[in-house]
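Raw contents of run.csv, CSV, C-alpha atoms:
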```
chain,number,residue,atom,x,y,z
A,285,MET,CA,-2.7,-21.7,-23.0
A,286,LEU,CA,-1.5,-20.2,-19.7
A,287,LEU,CA,1.6,-18.6,-21.4
A,288,ASP,CA,-0.6,-17.1,-24.1
A,289,ARG,CA,-2.9,-15.5,-21.5
A,290,ILE,CA,0.1,-14.1,-19.6
A,291,LYS,CA,1.4,-12.5,-22.8
A,292,LYS,CA,-2.0,-11.0,-23.5
A,293,LEU,CA,-2.2,-9.6,-20.0
A,294,TYR,CA,1.3,-8.2,-20.2
A,295,LYS,CA,0.5,-6.6,-23.6
A,296,LEU,CA,-2.8,-5.0,-22.4
A,297,LEU,CA,-1.7,-3.8,-18.9
A,298,PRO,CA,0.6,-0.8,-20.0
A,299,PRO,CA,-2.0,1.0,-22.0
A,300,LEU,CA,-4.7,0.4,-19.4
A,301,LEU,CA,-2.3,1.7,-16.7
A,302,LEU,CA,-1.5,4.8,-18.8
A,303,ARG,CA,-5.2,5.4,-19.2
A,304,ASP,CA,-5.8,5.1,-15.5
A,305,ILE,CA,-3.1,7.6,-14.7
A,306,LYS,CA,-4.5,10.1,-17.4
A,307,GLU,CA,-8.1,9.7,-16.0
A,308,ARG,CA,-6.8,10.5,-12.5
A,309,TYR,CA,-5.8,14.0,-13.6
A,310,ALA,CA,-8.3,14.6,-16.3
A,311,GLY,CA,-9.7,18.2,-16.1
A,312,SER,CA,-7.3,19.0,-13.2
A,313,ALA,CA,-5.6,22.4,-13.4
A,314,LEU,CA,-2.8,21.3,-11.0
A,315,GLY,CA,-2.5,17.8,-12.4
A,316,VAL,CA,0.2,15.7,-10.7
A,317,PHE,CA,0.5,18.2,-7.8
A,318,TRP,CA,-2.6,16.6,-6.3
A,319,THR,CA,-0.5,13.5,-5.8
A,320,PHE,CA,1.4,15.2,-3.1
A,321,LEU,CA,-1.1,17.8,-1.7
A,322,GLN,CA,-3.4,15.6,0.5
A,323,PRO,CA,-0.6,13.4,1.9
A,324,LEU,CA,1.5,16.5,2.5
A,325,LEU,CA,-1.2,18.1,4.5
A,326,PHE,CA,-1.7,14.9,6.6
A,327,ILE,CA,2.1,14.6,7.1
A,328,LEU,CA,2.3,18.2,8.3
A,329,LEU,CA,-0.6,17.6,10.7
A,330,TYR,CA,0.8,14.5,12.1
A,331,TRP,CA,4.2,16.1,12.5
A,332,LEU,CA,2.7,19.1,14.3
A,333,ILE,CA,0.6,17.0,16.7
A,334,PHE,CA,3.0,14.2,17.5
A,335,SER,CA,6.4,15.9,17.1
A,336,GLN,CA,5.8,19.5,18.2
A,337,ILE,CA,2.9,19.2,20.6
A,338,MET,CA,3.1,15.7,22.1
A,339,LYS,CA,6.9,15.7,21.8
A,340,VAL,CA,7.1,12.1,20.7
A,341,ARG,CA,10.8,11.0,20.4
A,342,ILE,CA,12.0,7.9,18.7
A,343,LYS,CA,15.0,6.6,20.7
A,344,THR,CA,17.2,3.7,19.5
A,345,ASP,CA,20.4,2.1,20.7
A,346,THR,CA,22.3,4.2,18.1
A,347,GLY,CA,20.6,7.5,19.0
A,348,GLU,CA,17.5,9.4,18.3
A,349,ILE,CA,15.6,9.1,15.0
A,350,PRO,CA,13.8,12.3,13.8
A,351,PHE,CA,10.0,11.8,14.1
A,352,LEU,CA,9.4,12.9,10.5
A,353,ALA,CA,11.7,10.2,9.2
A,354,PHE,CA,10.0,7.6,11.4
A,355,LEU,CA,6.6,8.8,10.2
A,356,LEU,CA,7.4,8.8,6.5
A,357,SER,CA,9.2,5.4,6.5
A,358,GLY,CA,5.9,3.8,7.5
A,359,LEU,CA,3.3,6.2,6.1
A,360,LEU,CA,4.3,6.4,2.5
A,361,PRO,CA,4.3,2.6,1.9
A,362,TRP,CA,1.0,2.4,3.8
A,363,LEU,CA,-0.7,5.1,1.6
A,364,ALA,CA,0.4,3.1,-1.5
A,365,LEU,CA,-1.0,-0.1,-0.1
A,366,GLN,CA,-4.3,1.4,1.1
A,367,GLU,CA,-5.0,3.2,-2.2
A,368,GLY,CA,-4.1,0.2,-4.3
A,369,VAL,CA,-6.5,-2.1,-2.4
A,370,VAL,CA,-9.4,0.4,-2.0
A,371,ARG,CA,-9.3,1.6,-5.6
A,372,GLY,CA,-8.8,-1.9,-6.9
A,373,ALA,CA,-11.8,-3.1,-4.9
A,374,SER,CA,-14.1,-0.8,-6.8
A,375,SER,CA,-12.4,-1.1,-10.2
A,376,ILE,CA,-14.6,-3.9,-11.7
A,377,VAL,CA,-17.8,-2.0,-10.8
A,378,GLU,CA,-16.5,1.3,-12.1
A,379,LYS,CA,-15.4,-0.3,-15.4
A,380,ARG,CA,-18.6,-2.3,-15.9
A,381,HIS,CA,-19.5,-0.3,-19.0
A,382,ILE,CA,-16.3,-1.8,-20.7
A,383,LEU,CA,-16.9,-5.4,-19.5
A,384,LYS,CA,-20.5,-5.3,-20.8
A,385,LYS,CA,-19.4,-4.2,-24.3
A,386,VAL,CA,-16.2,-6.0,-25.1
A,387,ILE,CA,-14.4,-9.2,-24.0
A,388,PHE,CA,-11.7,-8.0,-21.8
A,389,PRO,CA,-9.5,-9.7,-19.0
A,390,ALA,CA,-11.3,-8.3,-16.0
A,391,GLU,CA,-8.4,-9.0,-13.7
A,392,LEU,CA,-6.4,-6.2,-15.4
A,393,PHE,CA,-8.6,-3.5,-13.8
A,394,PRO,CA,-7.7,-4.2,-10.1
A,395,LEU,CA,-4.1,-4.9,-11.0
A,396,ALA,CA,-3.8,-1.6,-12.9
A,397,SER,CA,-5.3,0.2,-9.9
A,398,VAL,CA,-2.6,-1.4,-7.6
A,399,ILE,CA,0.3,-0.5,-9.9
A,400,SER,CA,-1.1,3.0,-10.5
A,401,ALA,CA,-1.2,3.6,-6.7
A,402,PHE,CA,2.4,2.5,-6.3
A,403,ILE,CA,3.5,4.8,-9.1
A,404,HIS,CA,1.3,7.5,-7.6
A,405,HIS,CA,3.0,7.3,-4.2
A,406,GLY,CA,6.3,5.8,-5.4
A,407,ILE,CA,7.6,9.3,-6.3
A,408,GLY,CA,7.2,10.4,-2.7
A,409,ILE,CA,8.9,7.2,-1.5
A,410,ILE,CA,11.9,7.8,-3.7
A,411,ILE,CA,12.2,11.5,-2.8
A,412,PHE,CA,12.0,10.6,0.9
A,413,LEU,CA,14.7,7.9,0.6
A,414,VAL,CA,17.0,10.1,-1.4
A,415,VAL,CA,16.7,13.0,1.1
A,416,TYR,CA,16.9,10.7,4.2
A,417,PHE,CA,20.0,8.8,3.1
A,418,PHE,CA,21.6,12.0,1.9
A,419,TRP,CA,21.0,13.4,5.4
A,420,ARG,CA,22.4,10.3,7.0
A,421,GLY,CA,25.4,10.4,4.7
A,422,THR,CA,25.3,6.6,4.2
A,423,VAL,CA,23.3,3.9,2.6
A,424,SER,CA,24.2,0.2,2.1
A,425,PRO,CA,23.4,-2.1,-0.8
A,426,MET,CA,21.6,-4.3,1.8
A,427,GLN,CA,19.2,-1.5,2.6
A,428,LEU,CA,18.4,-0.9,-1.1
A,429,PHE,CA,17.9,-4.6,-1.8
A,430,ALA,CA,15.7,-5.1,1.3
A,431,ILE,CA,13.6,-2.0,0.4
A,432,ALA,CA,13.1,-3.4,-3.1
A,433,GLY,CA,12.1,-6.8,-1.7
A,434,LEU,CA,9.6,-5.3,0.8
A,435,LEU,CA,8.0,-3.2,-2.0
A,436,SER,CA,7.8,-6.2,-4.2
A,437,LEU,CA,6.1,-8.2,-1.5
A,438,GLN,CA,3.7,-5.3,-0.8
A,439,ILE,CA,2.7,-5.1,-4.5
A,440,VAL,CA,1.9,-8.8,-4.6
A,441,LEU,CA,0.0,-8.5,-1.3
A,442,ALA,CA,-2.0,-5.5,-2.5
A,443,SER,CA,-2.7,-7.3,-5.8
A,444,GLY,CA,-4.0,-10.4,-4.1
A,445,LEU,CA,-6.3,-8.3,-1.8
A,446,SER,CA,-7.4,-6.2,-4.7
A,447,LEU,CA,-8.4,-9.2,-6.8
A,448,LEU,CA,-10.3,-10.7,-3.8
A,449,PHE,CA,-12.2,-7.6,-2.9
A,450,SER,CA,-12.9,-6.5,-6.4
A,451,SER,CA,-14.6,-9.8,-7.2
A,452,LEU,CA,-16.6,-9.7,-3.9
A,453,SER,CA,-17.7,-6.1,-4.4
A,454,VAL,CA,-19.5,-7.0,-7.6
A,455,TYR,CA,-22.0,-9.0,-5.5
A,456,LEU,CA,-21.8,-6.9,-2.3
A,457,ARG,CA,-21.3,-3.2,-3.1
A,458,ASP,CA,-20.8,-2.3,0.5
A,459,ILE,CA,-17.3,-3.8,0.4
A,460,THR,CA,-15.6,-0.6,-0.6
A,461,GLN,CA,-17.2,1.3,2.3
A,462,ILE,CA,-16.3,-1.4,4.7
A,463,LEU,CA,-12.7,-1.4,3.5
A,464,GLY,CA,-12.5,2.4,4.1
A,465,ILE,CA,-13.4,1.8,7.7
A,466,VAL,CA,-11.2,-1.2,8.2
A,467,PHE,CA,-8.1,0.5,6.8
A,468,GLN,CA,-8.7,3.5,9.0
A,469,ILE,CA,-8.7,1.3,12.0
A,470,LEU,CA,-5.7,-0.7,10.8
A,471,PHE,CA,-3.8,2.6,10.3
A,472,TYR,CA,-4.1,3.6,14.0
A,473,VAL,CA,-3.3,0.1,15.3
A,474,SER,CA,-0.1,0.0,13.1
A,475,PRO,CA,3.1,1.5,14.5
A,476,ILE,CA,3.1,4.4,12.0
A,477,LEU,CA,2.5,7.3,14.2
A,478,TYR,CA,4.2,5.9,17.3
A,479,PRO,CA,7.0,3.3,18.0
A,480,ILE,CA,5.8,-0.1,19.2
A,481,THR,CA,7.9,0.3,22.3
A,482,SER,CA,5.7,3.1,23.5
A,483,VAL,CA,2.5,0.9,23.5
A,484,PRO,CA,1.4,-0.3,26.9
A,485,GLU,CA,1.8,-4.1,27.4
A,486,GLY,CA,-1.9,-4.6,27.7
A,487,PHE,CA,-2.5,-3.2,24.2
A,488,LYS,CA,0.6,-4.5,22.5
A,489,ILE,CA,-1.0,-7.8,21.6
A,490,VAL,CA,-3.6,-5.9,19.5
A,491,ILE,CA,-0.8,-4.1,17.6
A,492,LEU,CA,1.1,-7.3,17.1
A,493,LEU,CA,-2.0,-9.2,15.8
A,494,ASN,CA,-2.3,-6.6,13.0
A,495,PRO,CA,-0.6,-8.1,10.0
A,496,PHE,CA,0.5,-4.7,8.7
A,497,THR,CA,2.5,-4.2,11.8
A,498,THR,CA,5.0,-6.6,10.5
A,499,LEU,CA,5.3,-4.8,7.2
A,500,THR,CA,5.7,-1.4,8.9
A,501,GLU,CA,8.3,-2.6,11.4
A,502,SER,CA,10.2,-4.2,8.5
A,503,TYR,CA,10.4,-0.8,6.8
A,504,HIS,CA,11.5,0.8,10.0
A,505,ASN,CA,14.3,-1.8,10.6
A,506,VAL,CA,15.7,-1.5,7.1
A,507,ILE,CA,15.4,2.3,6.5
A,508,LEU,CA,15.9,3.8,9.9
A,509,TYR,CA,18.1,1.2,11.7
A,510,GLY,CA,20.0,-0.3,8.8
A,511,ARG,CA,19.3,-3.9,9.7
A,512,TYR,CA,17.5,-6.8,8.2
A,513,PRO,CA,13.9,-7.4,9.2
A,514,GLU,CA,13.4,-10.2,11.8
A,515,PRO,CA,13.5,-13.6,10.0
A,516,LEU,CA,10.2,-14.8,11.7
A,517,SER,CA,8.5,-11.6,10.7
A,518,MET,CA,9.6,-11.9,7.1
A,519,LEU,CA,8.4,-15.6,7.0
A,520,TYR,CA,5.1,-14.4,8.4
A,521,LEU,CA,4.9,-11.6,5.8
A,522,PHE,CA,5.9,-14.0,3.0
A,523,VAL,CA,3.2,-16.6,3.9
A,524,LEU,CA,0.6,-13.8,4.3
A,525,THR,CA,1.5,-12.4,0.9
A,526,ILE,CA,1.4,-15.8,-0.9
A,527,GLY,CA,-1.9,-16.7,0.9
A,528,ALA,CA,-3.5,-13.4,-0.1
A,529,ALA,CA,-2.4,-13.8,-3.7
A,530,TYR,CA,-3.6,-17.4,-3.9
A,531,ILE,CA,-7.0,-16.6,-2.3
A,532,GLY,CA,-7.4,-13.5,-4.5
A,533,ILE,CA,-6.7,-15.3,-7.7
A,534,TYR,CA,-8.9,-18.3,-6.7
A,535,MET,CA,-11.9,-16.2,-5.7
A,536,PHE,CA,-11.6,-13.9,-8.8
A,537,ARG,CA,-11.6,-16.9,-11.1
A,538,LYS,CA,-14.5,-18.5,-9.3
A,539,LEU,CA,-16.7,-15.4,-9.3
A,540,LYS,CA,-15.9,-13.6,-12.5
A,541,GLY,CA,-18.2,-15.9,-14.5
A,542,GLY,CA,-21.2,-14.2,-13.0
A,543,PHE,CA,-19.9,-10.6,-13.4
A,544,ALA,CA,-21.8,-9.9,-16.6
A,545,ASP,CA,-25.1,-11.0,-15.0
A,546,VAL,CA,-24.7,-8.9,-11.9
A,547,LEU,CA,-23.1,-5.8,-13.4
```

If you convert what's in this file into structure tokens, what do you get?
Amino acid sequence: MLLDRIKKLYKLLPPLLLRDIKERYAGSALGVFWTFLQPLLFILLYWLIFSQIMKVRIKTDTGEIPFLAFLLSGLLPWLALQEGVVRGASSIVEKRHILKKVIFPAELFPLASVISAFIHHGIGIIIFLVVYFFWRGTVSPMQLFAIAGLLSLQIVLASGLSLLFSSLSVYLRDITQILGIVFQILFYVSPILYPITSVPEGFKIVILLNPFTTLTESYHNVILYGRYPEPLSMLYLFVLTIGAAYIGIYMFRKLKGGFADVL
């Protein structure tokens, strides 16, 4: 029974994902260009303020890291995570016209939103990695393997959160607005715009309590410094990911029985 359901989900997901991507650019004259325009403007703004005006420098034991490389190694994965969770949280409500008319696996909508977001921003991530490693002149198999592992964990984490919040938002429509505020706060208390070493000791505990700090620092370690993430950090990230996936699946299964009545 479970195997049959997995096969059904696997069969239905690709066309749903393709439709989601087409709807994103429907009626747009510039099409896929919008994928890069807004993030590019933010990147240029952050680079101007932090690198050119505030003169932030990223110093390591092997030398100085360009601020733009430091920024992109944390920002691009963050954008994929944020968009996947936020769009996934509203996916059930937005697709209620489909769920009311046909019998359809509702969990595919938040999952498609997560994968679509990673495809959406994955192009930028790949371009950045190719340019950065070409500029560095070296890349190790360890780095590529670790980056793939981190992205895989991030997709599972985003999927779990998306399932959780999409099921809750059916009953509490304010969830999506709350998520927007929460992610904005988490962005500034994650070491994306600044190195964690520059944070005053009195505030460092706030940064370290943020679960996304671990994810961001792991990307920094692998991409910029060419070393494995800290074992305890990876254990914490793995437990967090599995916990989010379990809670998301459990809550979605528990609440989806009432979707039709509320939607």

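Interatomic distance, CA of Leu434 (chain A) against CA of Tyr503 (chain A): 7.5 Å.
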
**Item:** Distance of CA of Ala364 (chain A) from CA of His405 (chain A), expressed in Å to one decimal place
**Value:**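 Between CA of His405 (chain A) and CA of Ala364 (chain A) the gap works out to 5.6 Å.
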
**Item:** d(CA of Tyr534 (chain A), CA of Leu363 (chain A)) in Å
**Value:**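 Answer for the CA of Tyr534 (chain A) to CA of Leu363 (chain A) separation: 26.1 Å.
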
**Prompt:** Restricting the calculation to all atoms listed in the file, which member of A:Leu463, A:Val506, A:Leu524, A:Val414 is positioned closest to Met426 (chain A)?
**Reply:** A:Val506

Closest pair table for region 371-431 of chain A residues within 9 Å of region 347-357 of chain A, all atoms listed in the file, as a tab-separated table:
```
residue	atom	partner	partner_atom	distance
A:Ile409	CA	A:Ser357	CA	8.2
A:Phe412	CA	A:Leu356	CA	7.5
A:Leu413	CA	A:Ser357	CA	8.4
A:Tyr416	CA	A:Ala353	CA	7.2
```

Output C-alpha atoms for every residue in that selection, as a PDB file, in the coordinates of the input.
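File written: result_37.pdb
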```pdb
ATOM      1  CA  ILE A 409       8.900   7.200  -1.500  1.00  0.00           C
ATOM      2  CA  PHE A 412      12.000  10.600   0.900  1.00  0.00           C
ATOM      3  CA  LEU A 413      14.700   7.900   0.600  1.00  0.00           C
ATOM      4  CA  TYR A 416      16.900  10.700   4.200  1.00  0.00           C
TER       5      TYR A 416
END
```

**Fill in**
Min atom-atom distance to Leu519 (chain A) from the set A:Ala396, A:Leu428, A:Leu437, A:Leu539, counting all atoms listed in the file, belongs to A:Leu437

**Which residue of A:Ser400, A:Phe471, A:Ala390, A:Gln366 approaches Thr497 (chain A) most closely, using all atoms listed in the file** =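 The answer is A:Phe471, which sits nearest to Thr497 (chain A).
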
**Request:** Give the answer as one residue: which of A:Ile403, A:Val454, A:Ala432, A:Leu447 has the shortest atom-to-atom distance to Asp545 (chain A), using only C-alpha atoms?
**Result:** A:Val454

**Request:** Would you mind telling me which residue in A:Thr498, A:Phe334, A:Ser375, A:Thr481 lies nearest to Pro515 (chain A) when using all atoms listed in the file?
**Result:**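 Nearest candidate to Pro515 (chain A) out of A:Thr498, A:Phe334, A:Ser375, A:Thr481: A:Thr498.
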
**Fill in**
Among A:Ser451, A:Ser436, A:Thr500, A:Thr422, Pro394 (chain A) is approached most closely, using only C-alpha atoms, by A:Ser451

**Message:** (-9.8, 1.3, -14.6) in this file's frame - what residues fall within 10 Å of it? Use all atoms listed in the file and give the answer as a PyMOL selection string.
**Reply:** chain A and resi 300-305+307-308+371-372+374-380+382+390+392-397+400

For the residues in the current selection, export C-alpha atoms as a compact mmCIF listing (two decimals), in the frame of the given file.
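again-v6.txt, freshly written:
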```
# COMPACT_ATOMS: atom_id res chain seq x y z
CA LEU A 300 -4.70 0.40 -19.40
CA LEU A 301 -2.30 1.70 -16.70
CA LEU A 302 -1.50 4.80 -18.80
CA ARG A 303 -5.20 5.40 -19.20
CA ASP A 304 -5.80 5.10 -15.50
CA ILE A 305 -3.10 7.60 -14.70
CA GLU A 307 -8.10 9.70 -16.00
CA ARG A 308 -6.80 10.50 -12.50
CA ARG A 371 -9.30 1.60 -5.60
CA GLY A 372 -8.80 -1.90 -6.90
CA SER A 374 -14.10 -0.80 -6.80
CA SER A 375 -12.40 -1.10 -10.20
CA ILE A 376 -14.60 -3.90 -11.70
CA VAL A 377 -17.80 -2.00 -10.80
CA GLU A 378 -16.50 1.30 -12.10
CA LYS A 379 -15.40 -0.30 -15.40
CA ARG A 380 -18.60 -2.30 -15.90
CA ILE A 382 -16.30 -1.80 -20.70
CA ALA A 390 -11.30 -8.30 -16.00
CA LEU A 392 -6.40 -6.20 -15.40
CA PHE A 393 -8.60 -3.50 -13.80
CA PRO A 394 -7.70 -4.20 -10.10
CA LEU A 395 -4.10 -4.90 -11.00
CA ALA A 396 -3.80 -1.60 -12.90
CA SER A 397 -5.30 0.20 -9.90
CA SER A 400 -1.10 3.00 -10.50
```

**Prompt:** Counting all atoms listed in the file, what is within 10 Å of Glu514 (chain A), bar same-chain residues fewer than 3 positions away, as a PyMOL selection string?
**Reply:** chain A and resi 498+501-502+505+511+517-520
